[in-house]
file my_file.cif (mmCIF, C-alpha atoms)
data_run
#
loop_
_atom_site.label_atom_id
_atom_site.label_comp_id
_atom_site.auth_asym_id
_atom_site.auth_seq_id
_atom_site.Cartn_x
_atom_site.Cartn_y
_atom_site.Cartn_z
CA MET A 1318 0.00 0.00 0.00
CA THR A 1319 1.40 3.37 -1.00
CA ASN A 1320 0.77 6.35 1.20
CA HIS A 1321 0.86 9.44 -0.97
CA THR A 1322 -0.73 11.77 1.53
CA ASP A 1323 -3.50 13.90 0.16
CA PRO A 1324 -3.49 17.67 0.76
CA SER A 1325 -7.27 17.71 0.38
CA GLY A 1326 -7.84 15.39 3.31
CA HIS A 1327 -9.90 17.73 5.49
CA ILE A 1328 -13.09 16.13 6.78
CA ASP A 1329 -15.92 17.94 8.49
CA PRO A 1330 -16.58 16.66 12.02
CA PRO A 1331 -19.86 14.80 12.54
CA GLY A 1332 -20.78 16.81 15.61
CA ARG A 1333 -20.91 15.91 19.26
CA ALA A 1334 -21.30 12.16 18.79
CA ASP A 1335 -19.56 11.21 22.00
CA PRO A 1336 -19.53 12.99 25.38
CA SER A 1337 -15.93 11.86 25.96
CA GLY A 1338 -14.39 13.48 22.91
CA ARG A 1339 -14.97 15.92 20.08
CA ALA A 1340 -14.90 14.40 16.62
CA GLU A 1341 -12.16 16.00 14.63
CA PRO A 1342 -10.56 15.76 11.21
CA CYS A 1343 -6.83 15.11 11.11
CA GLU A 1344 -5.02 16.46 8.07
CA PRO A 1345 -1.98 15.05 6.32
CA PHE A 1346 1.28 16.84 6.96
CA GLY A 1347 2.56 19.10 4.22
CA PRO A 1348 6.11 17.77 3.69
CA LEU A 1349 4.89 14.17 3.50
CA ALA A 1350 2.45 15.15 0.77
CA GLU A 1351 5.42 15.34 -1.59
CA GLN A 1352 6.72 11.86 -0.74
CA GLN A 1353 5.54 8.31 -1.39
CA VAL A 1354 5.82 5.80 1.42
CA THR A 1355 4.99 2.16 0.72
CA LEU A 1356 3.38 0.32 3.65
CA ARG A 1357 3.33 -3.43 3.04
CA SER A 1358 1.81 -4.97 6.17
CA PRO A 1359 -0.55 -4.39 9.12
CA ALA A 1360 2.55 -3.90 11.27
CA GLU A 1361 3.70 -0.99 9.12
CA LEU A 1362 0.19 0.47 9.16
CA ALA A 1363 0.12 0.30 12.96
CA ASP A 1364 3.56 1.89 13.22
CA ALA A 1365 2.53 4.65 10.81
CA LEU A 1366 -0.55 5.79 12.72
CA PRO A 1367 1.12 8.43 14.97
CA TYR A 1368 2.75 9.97 11.90
CA LEU A 1369 -0.55 10.11 10.05
CA LEU A 1370 -2.07 12.13 12.91
CA GLY A 1371 0.92 13.86 14.49
CA PHE A 1372 0.27 12.28 17.90
CA HIS A 1373 -0.51 8.94 19.55
CA PRO A 1374 -4.34 8.73 19.66
CA ASP A 1375 -5.24 7.39 23.10
CA ASP A 1376 -8.75 5.96 23.52
CA SER A 1377 -9.66 6.76 19.94
CA ILE A 1378 -11.42 5.57 16.83
CA VAL A 1379 -9.44 6.62 13.75
CA LEU A 1380 -10.73 6.20 10.21
CA VAL A 1381 -8.45 6.77 7.22
CA ALA A 1382 -9.76 7.03 3.65
CA VAL A 1383 -7.84 5.16 0.94
CA HIS A 1384 -7.97 6.12 -2.75
CA GLY A 1385 -6.97 4.37 -5.96
CA ASP A 1386 -5.24 1.14 -6.84
CA ARG A 1387 -2.06 2.23 -5.06
CA GLY A 1388 -3.86 2.94 -1.80
CA ARG A 1389 -3.26 6.69 -1.51
CA PHE A 1390 -4.23 7.93 1.94
CA GLY A 1391 -6.78 10.73 2.00
CA GLY A 1392 -8.89 12.22 4.76
CA ARG A 1393 -8.79 10.90 8.27
CA LEU A 1394 -11.11 11.31 11.22
CA ARG A 1395 -10.63 10.76 14.97
CA LEU A 1396 -13.15 10.43 17.78
CA GLY A 1397 -12.86 9.32 21.37
CA ILE A 1398 -14.25 5.80 21.87
CA PRO A 1399 -17.75 6.16 23.39
CA GLY A 1400 -17.89 4.72 26.90
CA ASP A 1401 -21.35 3.22 26.40
CA PRO A 1402 -21.42 0.34 23.88
CA ASP A 1403 -25.05 1.20 23.19
CA ASP A 1404 -23.74 4.29 21.36
CA TRP A 1405 -21.41 2.36 19.07
CA LEU A 1406 -23.95 1.66 16.34
CA GLU A 1407 -24.97 5.30 15.92
CA VAL A 1408 -21.42 6.61 16.21
CA SER A 1409 -20.15 4.12 13.62
CA ALA A 1410 -22.80 5.18 11.13
CA ARG A 1411 -22.10 8.87 11.66
CA LEU A 1412 -18.32 8.50 11.36
CA ALA A 1413 -18.54 6.42 8.19
CA GLU A 1414 -20.99 8.88 6.67
CA CYS A 1415 -18.80 11.81 7.61
CA LEU A 1416 -15.62 10.34 6.15
CA VAL A 1417 -17.19 9.16 2.90
CA ARG A 1418 -19.30 12.26 2.24
CA GLY A 1419 -16.52 14.59 3.28
CA SER A 1420 -14.07 12.81 0.98
CA GLU A 1421 -16.54 13.10 -1.90
CA LYS A 1422 -16.89 16.81 -1.29
CA ARG A 1423 -13.18 17.46 -1.04
CA GLY A 1424 -11.51 15.22 -3.56
CA GLY A 1425 -13.26 11.99 -4.45
CA ARG A 1426 -15.09 9.03 -3.00
CA PRO A 1427 -12.70 6.69 -1.15
CA ASP A 1428 -12.12 3.19 -2.49
CA GLY A 1429 -11.58 1.81 0.99
CA ILE A 1430 -11.19 2.70 4.64
CA ILE A 1431 -8.70 1.65 7.29
CA VAL A 1432 -9.97 1.49 10.87
CA PHE A 1433 -7.83 1.86 13.99
CA LEU A 1434 -9.12 1.30 17.53
CA CYS A 1435 -6.66 2.55 20.13
CA ARG A 1436 -7.10 1.87 23.84
CA ASP A 1437 -4.57 0.77 26.44
CA PRO A 1438 -5.60 -1.67 29.17
CA ALA A 1439 -6.66 -0.30 32.55
CA GLY A 1440 -6.04 -1.97 35.88
CA SER A 1441 -5.63 -5.73 35.63
CA GLU A 1442 -7.26 -6.00 32.20
CA SER A 1443 -5.04 -7.47 29.49
CA ALA A 1444 -4.47 -5.90 26.10
CA GLN A 1445 -6.04 -8.97 24.49
CA ALA A 1446 -9.15 -8.47 26.63
CA VAL A 1447 -9.34 -4.86 25.42
CA MET A 1448 -9.14 -6.10 21.84
CA GLU A 1449 -11.98 -8.56 22.37
CA ARG A 1450 -14.11 -5.96 24.15
CA LEU A 1451 -13.75 -3.61 21.17
CA ARG A 1452 -14.42 -6.30 18.57
CA PRO A 1453 -18.16 -5.40 18.32
CA LEU A 1454 -17.20 -1.77 17.70
CA ALA A 1455 -14.87 -2.83 14.88
CA GLN A 1456 -17.69 -4.91 13.39
CA ARG A 1457 -20.15 -2.02 13.55
CA LEU A 1458 -17.64 0.24 11.80
CA ARG A 1459 -17.05 -2.35 9.09
CA LEU A 1460 -20.79 -2.73 8.53
CA ALA A 1461 -21.34 1.04 8.49
CA CYS A 1462 -18.62 1.56 5.88
CA GLY A 1463 -19.81 -1.41 3.84
CA GLY A 1464 -23.32 -0.03 3.94
CA LEU A 1465 -21.97 2.97 2.01
CA ASP A 1466 -20.28 0.62 -0.50
CA VAL A 1467 -16.83 1.44 0.82
CA PRO A 1468 -15.05 -1.64 2.19
CA VAL A 1469 -12.88 -1.65 5.28
CA LEU A 1470 -9.54 -2.86 3.98
CA GLU A 1471 -8.03 -3.33 7.43
CA ALA A 1472 -9.21 -2.89 11.01
CA LEU A 1473 -6.53 -2.85 13.69
CA CYS A 1474 -6.68 -2.70 17.46
CA LEU A 1475 -3.66 -1.10 19.17
CA SER A 1476 -3.38 -1.80 22.87
CA GLY A 1477 -0.58 -2.28 25.37
CA GLY A 1478 2.22 -2.04 22.81
CA ARG A 1479 0.68 -4.73 20.57
CA PHE A 1480 -1.72 -4.82 17.65
CA TRP A 1481 -4.38 -7.21 16.33
CA SER A 1482 -6.17 -7.38 13.00
CA TYR A 1483 -9.94 -7.81 13.03
CA VAL A 1484 -9.80 -8.61 9.31
CA CYS A 1485 -7.04 -11.20 8.90
CA PRO A 1486 -8.04 -14.73 10.06
CA ASP A 1487 -4.55 -16.23 9.60
CA VAL A 1488 -2.98 -16.87 13.02
CA ARG A 1489 0.41 -17.35 11.32
CA CYS A 1490 0.69 -13.62 10.65
CA CYS A 1491 -1.92 -12.33 13.13
CA PRO A 1492 -1.65 -14.50 16.25
CA GLN A 1493 -4.30 -14.46 18.98
CA GLU A 1494 -1.86 -12.93 21.48
CA GLY A 1495 -1.23 -10.03 19.12
CA THR A 1496 1.93 -8.74 17.49
CA PRO A 1497 4.35 -6.38 19.27
CA LEU A 1498 4.62 -2.91 17.79
CA GLY A 1499 8.03 -2.06 16.43
CA PRO A 1500 10.45 0.11 18.44
CA PRO A 1501 9.54 3.81 18.10
CA GLY A 1502 11.24 5.58 15.23
CA THR A 1503 12.18 2.44 13.27
CA SER A 1504 9.28 2.19 10.79
CA VAL A 1505 9.38 3.25 7.16
CA MET A 1506 6.93 6.06 7.98
CA ALA A 1507 9.15 7.23 10.84
CA ALA A 1508 12.09 7.47 8.45
CA ALA A 1509 10.04 9.47 5.96
CA ALA A 1510 8.72 11.75 8.69
CA THR A 1511 12.22 12.34 10.04
CA ALA A 1512 13.44 13.23 6.57
CA ALA A 1513 10.54 15.67 6.24
CA GLY A 1514 11.26 17.24 9.64
CA ILE A 1515 7.99 16.00 11.17
CA GLN A 1516 7.73 15.03 14.83
CA VAL A 1517 5.08 13.13 16.75
CA ARG A 1518 3.88 15.48 19.50
CA GLY A 1519 3.39 12.89 22.23
CA SER A 1520 0.08 11.24 22.97
CA LEU A 1521 -3.35 12.81 22.97
CA ARG A 1522 -3.52 12.20 26.72
CA GLU A 1523 -0.22 14.05 27.21
CA MET A 1524 -1.38 17.01 25.12
CA GLU A 1525 -4.60 17.27 27.11
CA ALA A 1526 -2.75 16.94 30.42
CA ARG A 1527 -0.76 20.08 29.58
CA LEU A 1528 -4.04 22.02 29.63
CA ALA A 1529 -5.82 20.39 32.57
CA PRO A 1530 -6.43 22.29 35.83
CA LEU A 1531 -3.92 21.92 38.63
CA THR A 1532 -4.72 19.22 41.16
CA THR A 1533 -1.81 19.87 43.52
CA ALA A 1534 -1.82 21.71 46.84
CA GLU A 1535 -1.42 24.92 44.82
CA ALA A 1536 -4.99 24.72 43.52
CA PRO A 1537 -6.68 26.13 46.68
CA ARG A 1538 -4.11 28.93 46.82
CA GLN A 1539 -4.81 29.79 43.21
CA GLU A 1540 -8.57 29.86 43.82
CA ALA A 1541 -8.04 32.16 46.79
CA ALA A 1542 -5.96 34.45 44.57
CA PHE A 1543 -8.84 34.52 42.09
CA ASP A 1544 -11.26 35.54 44.83
CA ALA A 1545 -9.03 38.42 45.88
CA ALA A 1546 -8.35 39.58 42.31
CA ALA A 1547 -12.02 39.39 41.33
CA MET A 1548 -13.05 41.71 44.17
CA GLU A 1549 -10.62 44.32 42.88
CA LEU A 1550 -10.77 43.85 39.09
CA VAL A 1551 -14.34 42.91 38.20
CA PRO A 1552 -15.93 46.22 39.34
CA ARG A 1553 -13.28 48.09 37.38
CA MET A 1554 -13.83 45.97 34.26
CA LEU A 1555 -17.58 46.55 34.40
CA GLY A 1556 -17.24 50.31 34.79
CA ASP A 1557 -16.80 52.67 31.85
CA THR A 1558 -14.09 54.83 33.35
CA ASP A 1559 -11.56 52.19 34.43
CA ARG A 1560 -12.07 49.45 31.85
CA GLU A 1561 -9.36 50.63 29.49
CA THR A 1562 -6.91 50.92 32.37
CA VAL A 1563 -7.51 47.28 33.29
CA ARG A 1564 -6.95 46.31 29.66
CA GLU A 1565 -3.60 48.05 29.61
CA GLU A 1566 -2.62 46.53 32.94
CA THR A 1567 -3.53 43.05 31.73
CA ILE A 1568 -1.58 43.34 28.48
CA SER A 1569 1.40 44.83 30.29
CA LEU A 1570 1.46 42.03 32.86
CA ALA A 1571 0.99 39.36 30.19
CA GLY A 1572 3.91 40.86 28.27
CA THR A 1573 6.05 40.76 31.39
CA LEU A 1574 5.19 37.10 31.95
CA ILE A 1575 5.92 36.23 28.33
CA GLY A 1576 9.33 37.84 28.70
CA ARG A 1577 9.92 35.93 31.93
CA LEU A 1578 9.04 32.59 30.35
CA GLY A 1579 11.06 33.39 27.26
CA ALA A 1580 14.15 33.97 29.38
CA ALA A 1581 13.89 30.51 31.00
CA ARG A 1582 16.22 27.82 29.73
CA PRO A 1583 14.46 25.38 27.35
CA ASP A 1584 13.78 21.89 28.68
CA PRO A 1585 12.99 19.06 26.22
CA ASP A 1586 11.07 17.19 28.94
CA ARG A 1587 7.52 18.55 28.58
CA ARG A 1588 6.49 17.75 32.15
CA LYS A 1589 9.53 19.44 33.62
CA ALA A 1590 9.11 22.40 31.30
CA ASP A 1591 5.45 22.86 32.31
CA ALA A 1592 6.32 22.54 36.00
CA ARG A 1593 9.02 25.17 35.58
CA ASP A 1594 6.60 27.51 33.78
CA ASP A 1595 4.06 27.03 36.58
CA ALA A 1596 6.70 27.95 39.15
CA LEU A 1597 7.49 31.18 37.27
CA LEU A 1598 3.93 32.51 37.66
CA ALA A 1599 2.71 33.89 40.96
CA HIS A 1600 -0.88 33.11 41.94
CA ASP A 1601 -1.94 36.75 41.92
CA GLU A 1602 -0.30 37.36 38.53
CA ALA A 1603 -2.08 34.39 36.98
CA ALA A 1604 -5.43 35.43 38.45
CA ALA A 1605 -5.09 39.02 37.22
CA VAL A 1606 -4.26 38.05 33.64
CA ILE A 1607 -6.95 35.35 33.43
CA LEU A 1608 -9.63 37.70 34.73
CA GLY A 1609 -8.43 40.42 32.37
CA LEU A 1610 -8.66 38.04 29.40
CA GLN A 1611 -12.40 37.62 30.01
CA ASP A 1612 -12.68 40.99 28.23
CA ARG A 1613 -12.88 40.31 24.49
CA THR A 1614 -10.82 43.32 23.45
CA THR A 1615 -8.03 42.36 25.83
CA ARG A 1616 -8.10 38.77 24.58
CA ASP A 1617 -7.88 39.92 20.96
CA ARG A 1618 -4.89 42.08 21.76
CA ALA A 1619 -3.25 39.13 23.52
CA ALA A 1620 -3.73 37.11 20.32
CA GLU A 1621 -1.20 39.40 18.63
CA TRP A 1622 1.60 37.39 20.30
CA MET A 1623 1.30 34.85 17.51
CA GLU A 1624 4.56 34.69 15.60
CA GLY A 1625 8.30 35.19 15.78
CA PRO A 1626 10.28 34.76 19.00
CA GLU A 1627 7.29 35.75 21.16
CA ALA A 1628 5.07 32.90 19.95
CA ASP A 1629 6.65 30.06 21.95
CA PRO A 1630 6.66 31.80 25.37
CA ALA A 1631 3.15 33.12 24.63
CA LEU A 1632 1.92 29.59 23.94
CA ARG A 1633 3.55 28.40 27.16
CA LEU A 1634 1.90 31.23 29.08
CA TRP A 1635 -1.58 30.43 27.74
CA ARG A 1636 -1.11 26.76 28.61
CA ALA A 1637 0.08 27.63 32.10
CA LEU A 1638 -2.86 30.00 32.63
CA SER A 1639 -5.26 27.29 31.43
CA ARG A 1640 -3.88 25.03 34.15
CA ARG A 1641 -4.51 27.75 36.76
CA CYS A 1642 -8.26 27.85 36.10
CA VAL A 1643 -9.35 25.75 39.07
CA GLY A 1644 -12.44 25.31 41.22
CA ALA A 1645 -15.13 27.91 40.72
CA TYR A 1646 -13.00 29.57 38.04
CA ALA A 1647 -12.70 26.52 35.76
CA ASP A 1648 -14.84 28.10 33.05
CA HIS A 1649 -12.44 31.06 32.86
CA ALA A 1650 -10.04 28.71 31.05
CA VAL A 1651 -11.87 29.18 27.76
CA ALA A 1652 -9.94 32.40 26.98
CA PRO A 1653 -6.38 31.11 27.58
CA LEU A 1654 -7.29 27.76 25.98
CA THR A 1655 -8.48 29.57 22.86
CA LEU A 1656 -5.32 31.67 22.78
CA ALA A 1657 -3.22 28.50 23.17
CA GLY A 1658 -5.11 26.94 20.26
CA TRP A 1659 -4.63 30.04 18.14
CA VAL A 1660 -0.88 30.30 18.70
CA ALA A 1661 -0.45 26.55 18.14
CA TRP A 1662 -2.34 26.80 14.84
CA SER A 1663 -0.47 29.95 13.84
CA THR A 1664 2.88 28.23 14.39
CA GLY A 1665 1.98 25.00 12.58
CA ASP A 1666 1.09 22.72 15.50
CA GLU A 1667 -2.33 21.62 14.27
CA PRO A 1668 -2.72 18.65 16.66
CA GLY A 1669 -1.92 20.94 19.59
CA ALA A 1670 -4.34 23.53 18.25
CA ARG A 1671 -7.18 21.02 18.07
CA SER A 1672 -6.45 19.76 21.55
CA ALA A 1673 -6.63 23.27 23.03
CA LEU A 1674 -9.59 24.43 20.95
CA GLY A 1675 -11.50 21.22 21.62
CA ARG A 1676 -11.03 21.73 25.34
CA ALA A 1677 -12.09 25.37 25.02
CA LEU A 1678 -15.31 24.29 23.30
CA ASP A 1679 -15.89 21.63 25.94
CA THR A 1680 -15.69 24.46 28.48
CA ASP A 1681 -17.96 26.80 26.53
CA PRO A 1682 -19.52 25.42 23.30
CA GLU A 1683 -20.77 28.90 22.38
CA TYR A 1684 -17.40 30.69 22.63
CA VAL A 1685 -17.32 32.33 19.21
CA PHE A 1686 -13.57 32.84 18.84
CA ALA A 1687 -12.83 29.19 19.64
CA ARG A 1688 -15.55 28.01 17.25
CA LEU A 1689 -14.19 30.12 14.41
CA LEU A 1690 -10.61 28.99 14.99
CA HIS A 1691 -11.67 25.33 15.27
CA GLN A 1692 -13.60 25.60 12.02
CA GLY A 1693 -10.70 27.34 10.28
CA ALA A 1694 -8.19 24.71 11.36
CA ASN A 1695 -10.55 21.89 10.37
CA GLU A 1696 -11.20 23.39 6.94
CA GLY A 1697 -7.52 23.85 6.22
CA LEU A 1698 -7.61 27.63 6.07
CA ASP A 1699 -4.34 29.53 6.15
CA PRO A 1700 -3.86 31.18 9.58
CA GLU A 1701 -2.04 33.98 7.78
CA LEU A 1702 -5.45 35.46 6.95
CA LEU A 1703 -6.11 36.07 10.65
CA ARG A 1704 -2.53 37.12 11.32
CA ARG A 1705 -2.93 39.91 8.76
CA CYS A 1706 -6.09 41.15 10.49
CA LEU A 1707 -4.36 41.19 13.87
CA ARG A 1708 -1.33 42.99 12.47
CA GLN A 1709 -3.65 45.60 10.95
CA GLU A 1710 -5.50 46.02 14.24
CA ARG A 1711 -2.22 46.57 16.03
CA ALA A 1712 -1.02 49.08 13.42
CA GLU A 1713 -4.28 51.02 13.61
CA ARG A 1714 -4.14 51.09 17.41
CA ILE A 1715 -0.58 52.39 17.39
CA ALA A 1716 -1.47 55.02 14.79
CA ALA A 1717 -4.51 56.12 16.79
CA ARG A 1718 -2.41 56.57 19.89
CA ALA A 1719 0.12 58.58 17.94
CA ASP A 1720 -2.46 61.12 16.73
CA GLY A 1721 -4.58 60.98 19.89
CA SER A 1722 -7.80 59.84 18.17
CA PRO A 1723 -10.03 57.45 20.14
CA ARG A 1724 -10.80 53.95 18.88
CA ARG A 1725 -14.08 52.16 19.45
CA GLN A 1726 -13.68 49.31 21.95
CA SER A 1727 -15.88 46.36 22.74
CA ALA A 1728 -16.10 44.07 25.72
CA GLY A 1729 -17.59 40.76 26.66
CA ARG A 1730 -17.10 37.04 26.12
CA GLY A 1731 -17.12 35.54 22.65
#

call {"tool": "encode", "arguments": {"input": "my_file.cif", "output": "structure tokens"}}
result
Amino acid sequence: MTNHTDPSGHIDPPGRADPSGRAEPCEPFGPLAEQQVTLRSPAELADALPYLLGFHPDDSIVLVAVHGDRGRFGGRLRLGIPGDPDDWLEVSARLAECLVRGSEKRGGRPDGIIVFLCRDPAGSESAQAVMERLRPLAQRLRLACGGLDVPVLEALCLSGGRFWSYVCPDVRCCPQEGTPLGPPGTSVMAAAATAAGIQVRGSLREMEARLAPLTTAEAPRQEAAFDAAAMELVPRMLGDTDRETVREETISLAGTLIGRLGAARPDPDRRKADARDDALLAHDEAAAVILGLQDRTTRDRAAEWMEGPEADPALRLWRALSRRCVGAYADHAVAPLTLAGWVAWSTGDEPGARSALGRALDTDPEYVFARLLHQGANEGLDPELLRRCLRQERAERIAARADGSPRRQSAGRG
């Protein structure tokens, strides 16, 4: 099977099919679109999956469209595995419909589909038991795709460092105990991705953990800092006379924090790097910036840290602030999560962008900025279009200050 990744592989999500995860399209990576990689076995397909998505998809259904006699990969779609097996029939039908109809709209009806079910064992459960428990889901997906006259060419379960085929009945190549996955970085897809400068950005669980609220002893202290900051800032933000002052204070403090994070020595270990960033932010500083970002104008100005040397520390700041939204202030995370998603998308980290924007929409499904960014990333729009608008806004603001003319401001969530 030849993987000539398809630049048109953007698939519209089927909606909120599963309360545990937002359905999302996963696009091919640009540099790989210019290469051909021949995958000859289920083992190579299993090893290739993280490179097809850009991350290891924990607890996920992944469907990949296949086109032509040479098996060119097209659109792909990921959804968290529904916890209730009663939902599997409906979810399978919706995912198959989404992938097939989306492929037709964006480049041609697929000639086949590859199914991946990814779930690691929990507790004392064995990987083989996970595989058997998910077998009915694989069958429902095969029937749903077949019902649309698109056959499932392969259906693999990845669990506990091993894989199984639900399609191949030959125990000589697909034994009942499963087949071990190859060592990371040794597959033909890994070699092609390395040559193209593409990296797998950890697992989906790891990406989401970088955005989750703190659960350490610092969480109560952070919530207390929110209480204190809210008493001082919220009346000022709601008033007409002091609102602009709060905006300027928020942007100034955020800029200071970005400079502080940018001066820290890089650490390739993501957990250590996040812990270090958390330690660099005082509770009162985090509370003040997060509360300030609830103002839409302030948030839009913060989005201007989107490129160049400021982008990385800005992304780290928005992630760190997302982690600080604890307790009664959990819903305040939607603003820093959206900013994290925007900067990730702007800098080419589309898996990271979807992780942050998906979490933002889980927090507030009606948050307009997150919805627009999520749609733009899913439809393959160029983030440069938004970057130009933000640059223009900044230029107009600077010009207005220079000649002393007032600019119309807006406030609120959205």

call {"tool": "closest_residue", "arguments": {"input": "my_file.cif", "among": "A:Arg1676, A:Arg1418, A:Arg1411, A:Arg1518", "to": "A:Arg1457", "atoms": "only C-alpha atoms"}}
result
A:Arg1411

call {"tool": "closest_residue", "arguments": {"input": "my_file.cif", "among": "A:Glu1561, A:Pro1668, A:Pro1530, A:Gln1493", "to": "A:Tyr1368", "atoms": "all atoms listed in the file"}}
result
A:Pro1668

call {"tool": "resolve_selection", "arguments": {"input": "my_file.cif", "expression": "the PyMOL selection byres ((chain A and resi 1701) around 12)", "output": "list in words"}}
result
Met1623, Glu1624, Trp1659, Val1660, Trp1662, Ser1663, Thr1664, Gly1665, Gly1693, Ala1694, Gly1697, Leu1698, Asp1699, Pro1700, Leu1702, Leu1703, Arg1704, Arg1705, Cys1706, Leu1707 and Arg1708 of chain A

call {"tool": "write_last_selection", "arguments": {"input": "my_file.cif", "atoms": "C-alpha atoms", "output": "JSON list (two decimals), in the frame of the given file"}}
result
[["chain", "number", "residue", "atom", "x", "y", "z"],
["A", 1623, "MET", "CA", 1.30, 34.85, 17.51],
["A", 1624, "GLU", "CA", 4.56, 34.69, 15.60],
["A", 1659, "TRP", "CA", -4.63, 30.04, 18.14],
["A", 1660, "VAL", "CA", -0.88, 30.30, 18.70],
["A", 1662, "TRP", "CA", -2.34, 26.80, 14.84],
["A", 1663, "SER", "CA", -0.47, 29.95, 13.84],
["A", 1664, "THR", "CA", 2.88, 28.23, 14.39],
["A", 1665, "GLY", "CA", 1.98, 25.00, 12.58],
["A", 1693, "GLY", "CA", -10.70, 27.34, 10.28],
["A", 1694, "ALA", "CA", -8.19, 24.71, 11.36],
["A", 1697, "GLY", "CA", -7.52, 23.85, 6.22],
["A", 1698, "LEU", "CA", -7.61, 27.63, 6.07],
["A", 1699, "ASP", "CA", -4.34, 29.53, 6.15],
["A", 1700, "PRO", "CA", -3.86, 31.18, 9.58],
["A", 1702, "LEU", "CA", -5.45, 35.46, 6.95],
["A", 1703, "LEU", "CA", -6.11, 36.07, 10.65],
["A", 1704, "ARG", "CA", -2.53, 37.12, 11.32],
["A", 1705, "ARG", "CA", -2.93, 39.91, 8.76],
["A", 1706, "CYS", "CA", -6.09, 41.15, 10.49],
["A", 1707, "LEU", "CA", -4.36, 41.19, 13.87],
["A", 1708, "ARG", "CA", -1.33, 42.99, 12.47]]

call {"tool": "atom_distance", "arguments": {"input": "my_file.cif", "atom1": "atom CA of A:Val1381", "atom2": "atom CA of A:Ile1431"}}
result
5.1 Å

call {"tool": "atom_distance", "arguments": {"input": "my_file.cif", "atom1": "atom CA of A:Gly1429", "atom2": "atom CA of A:Ala1365"}}
result
17.4 Å

call {"tool": "build_atoms", "arguments": {"input": "my_file.cif", "residues": "stretch 1703-1717 of chain A", "atoms": "N, CA and C atoms", "output": "short mmCIF file (atom, residue, chain, number, x, y, z; two decimals), in the coordinates of the input"}}
result
data_model
loop_
_atom_site.label_atom_id
_atom_site.label_comp_id
_atom_site.auth_asym_id
_atom_site.auth_seq_id
_atom_site.Cartn_x
_atom_site.Cartn_y
_atom_site.Cartn_z
N LEU A 1703 -5.83 35.45 9.36
CA LEU A 1703 -6.11 36.07 10.65
C LEU A 1703 -4.91 36.86 11.15
N ARG A 1704 -3.73 36.36 10.89
CA ARG A 1704 -2.53 37.12 11.32
C ARG A 1704 -2.52 38.50 10.69
N ARG A 1705 -2.90 38.59 9.42
CA ARG A 1705 -2.93 39.91 8.76
C ARG A 1705 -3.92 40.85 9.44
N CYS A 1706 -5.09 40.31 9.80
CA CYS A 1706 -6.09 41.15 10.49
C CYS A 1706 -5.55 41.65 11.81
N LEU A 1707 -4.89 40.78 12.58
CA LEU A 1707 -4.36 41.19 13.87
C LEU A 1707 -3.23 42.18 13.72
N ARG A 1708 -2.40 42.01 12.71
CA ARG A 1708 -1.33 42.99 12.47
C ARG A 1708 -1.94 44.35 12.14
N GLN A 1709 -3.00 44.34 11.32
CA GLN A 1709 -3.65 45.60 10.95
C GLN A 1709 -4.27 46.26 12.17
N GLU A 1710 -4.92 45.46 13.02
CA GLU A 1710 -5.50 46.02 14.24
C GLU A 1710 -4.44 46.68 15.10
N ARG A 1711 -3.30 46.01 15.22
CA ARG A 1711 -2.22 46.57 16.03
C ARG A 1711 -1.69 47.86 15.41
N ALA A 1712 -1.52 47.88 14.09
CA ALA A 1712 -1.02 49.08 13.42
C ALA A 1712 -1.99 50.25 13.59
N GLU A 1713 -3.29 49.96 13.46
CA GLU A 1713 -4.28 51.02 13.61
C GLU A 1713 -4.31 51.54 15.04
N ARG A 1714 -4.14 50.66 16.02
CA ARG A 1714 -4.14 51.09 17.41
C ARG A 1714 -2.94 51.98 17.70
N ILE A 1715 -1.79 51.59 17.18
CA ILE A 1715 -0.58 52.39 17.39
C ILE A 1715 -0.72 53.75 16.72
N ALA A 1716 -1.28 53.75 15.50
CA ALA A 1716 -1.47 55.02 14.79
C ALA A 1716 -2.46 55.93 15.52
N ALA A 1717 -3.52 55.33 16.06
CA ALA A 1717 -4.51 56.12 16.79
C ALA A 1717 -3.91 56.75 18.03
#
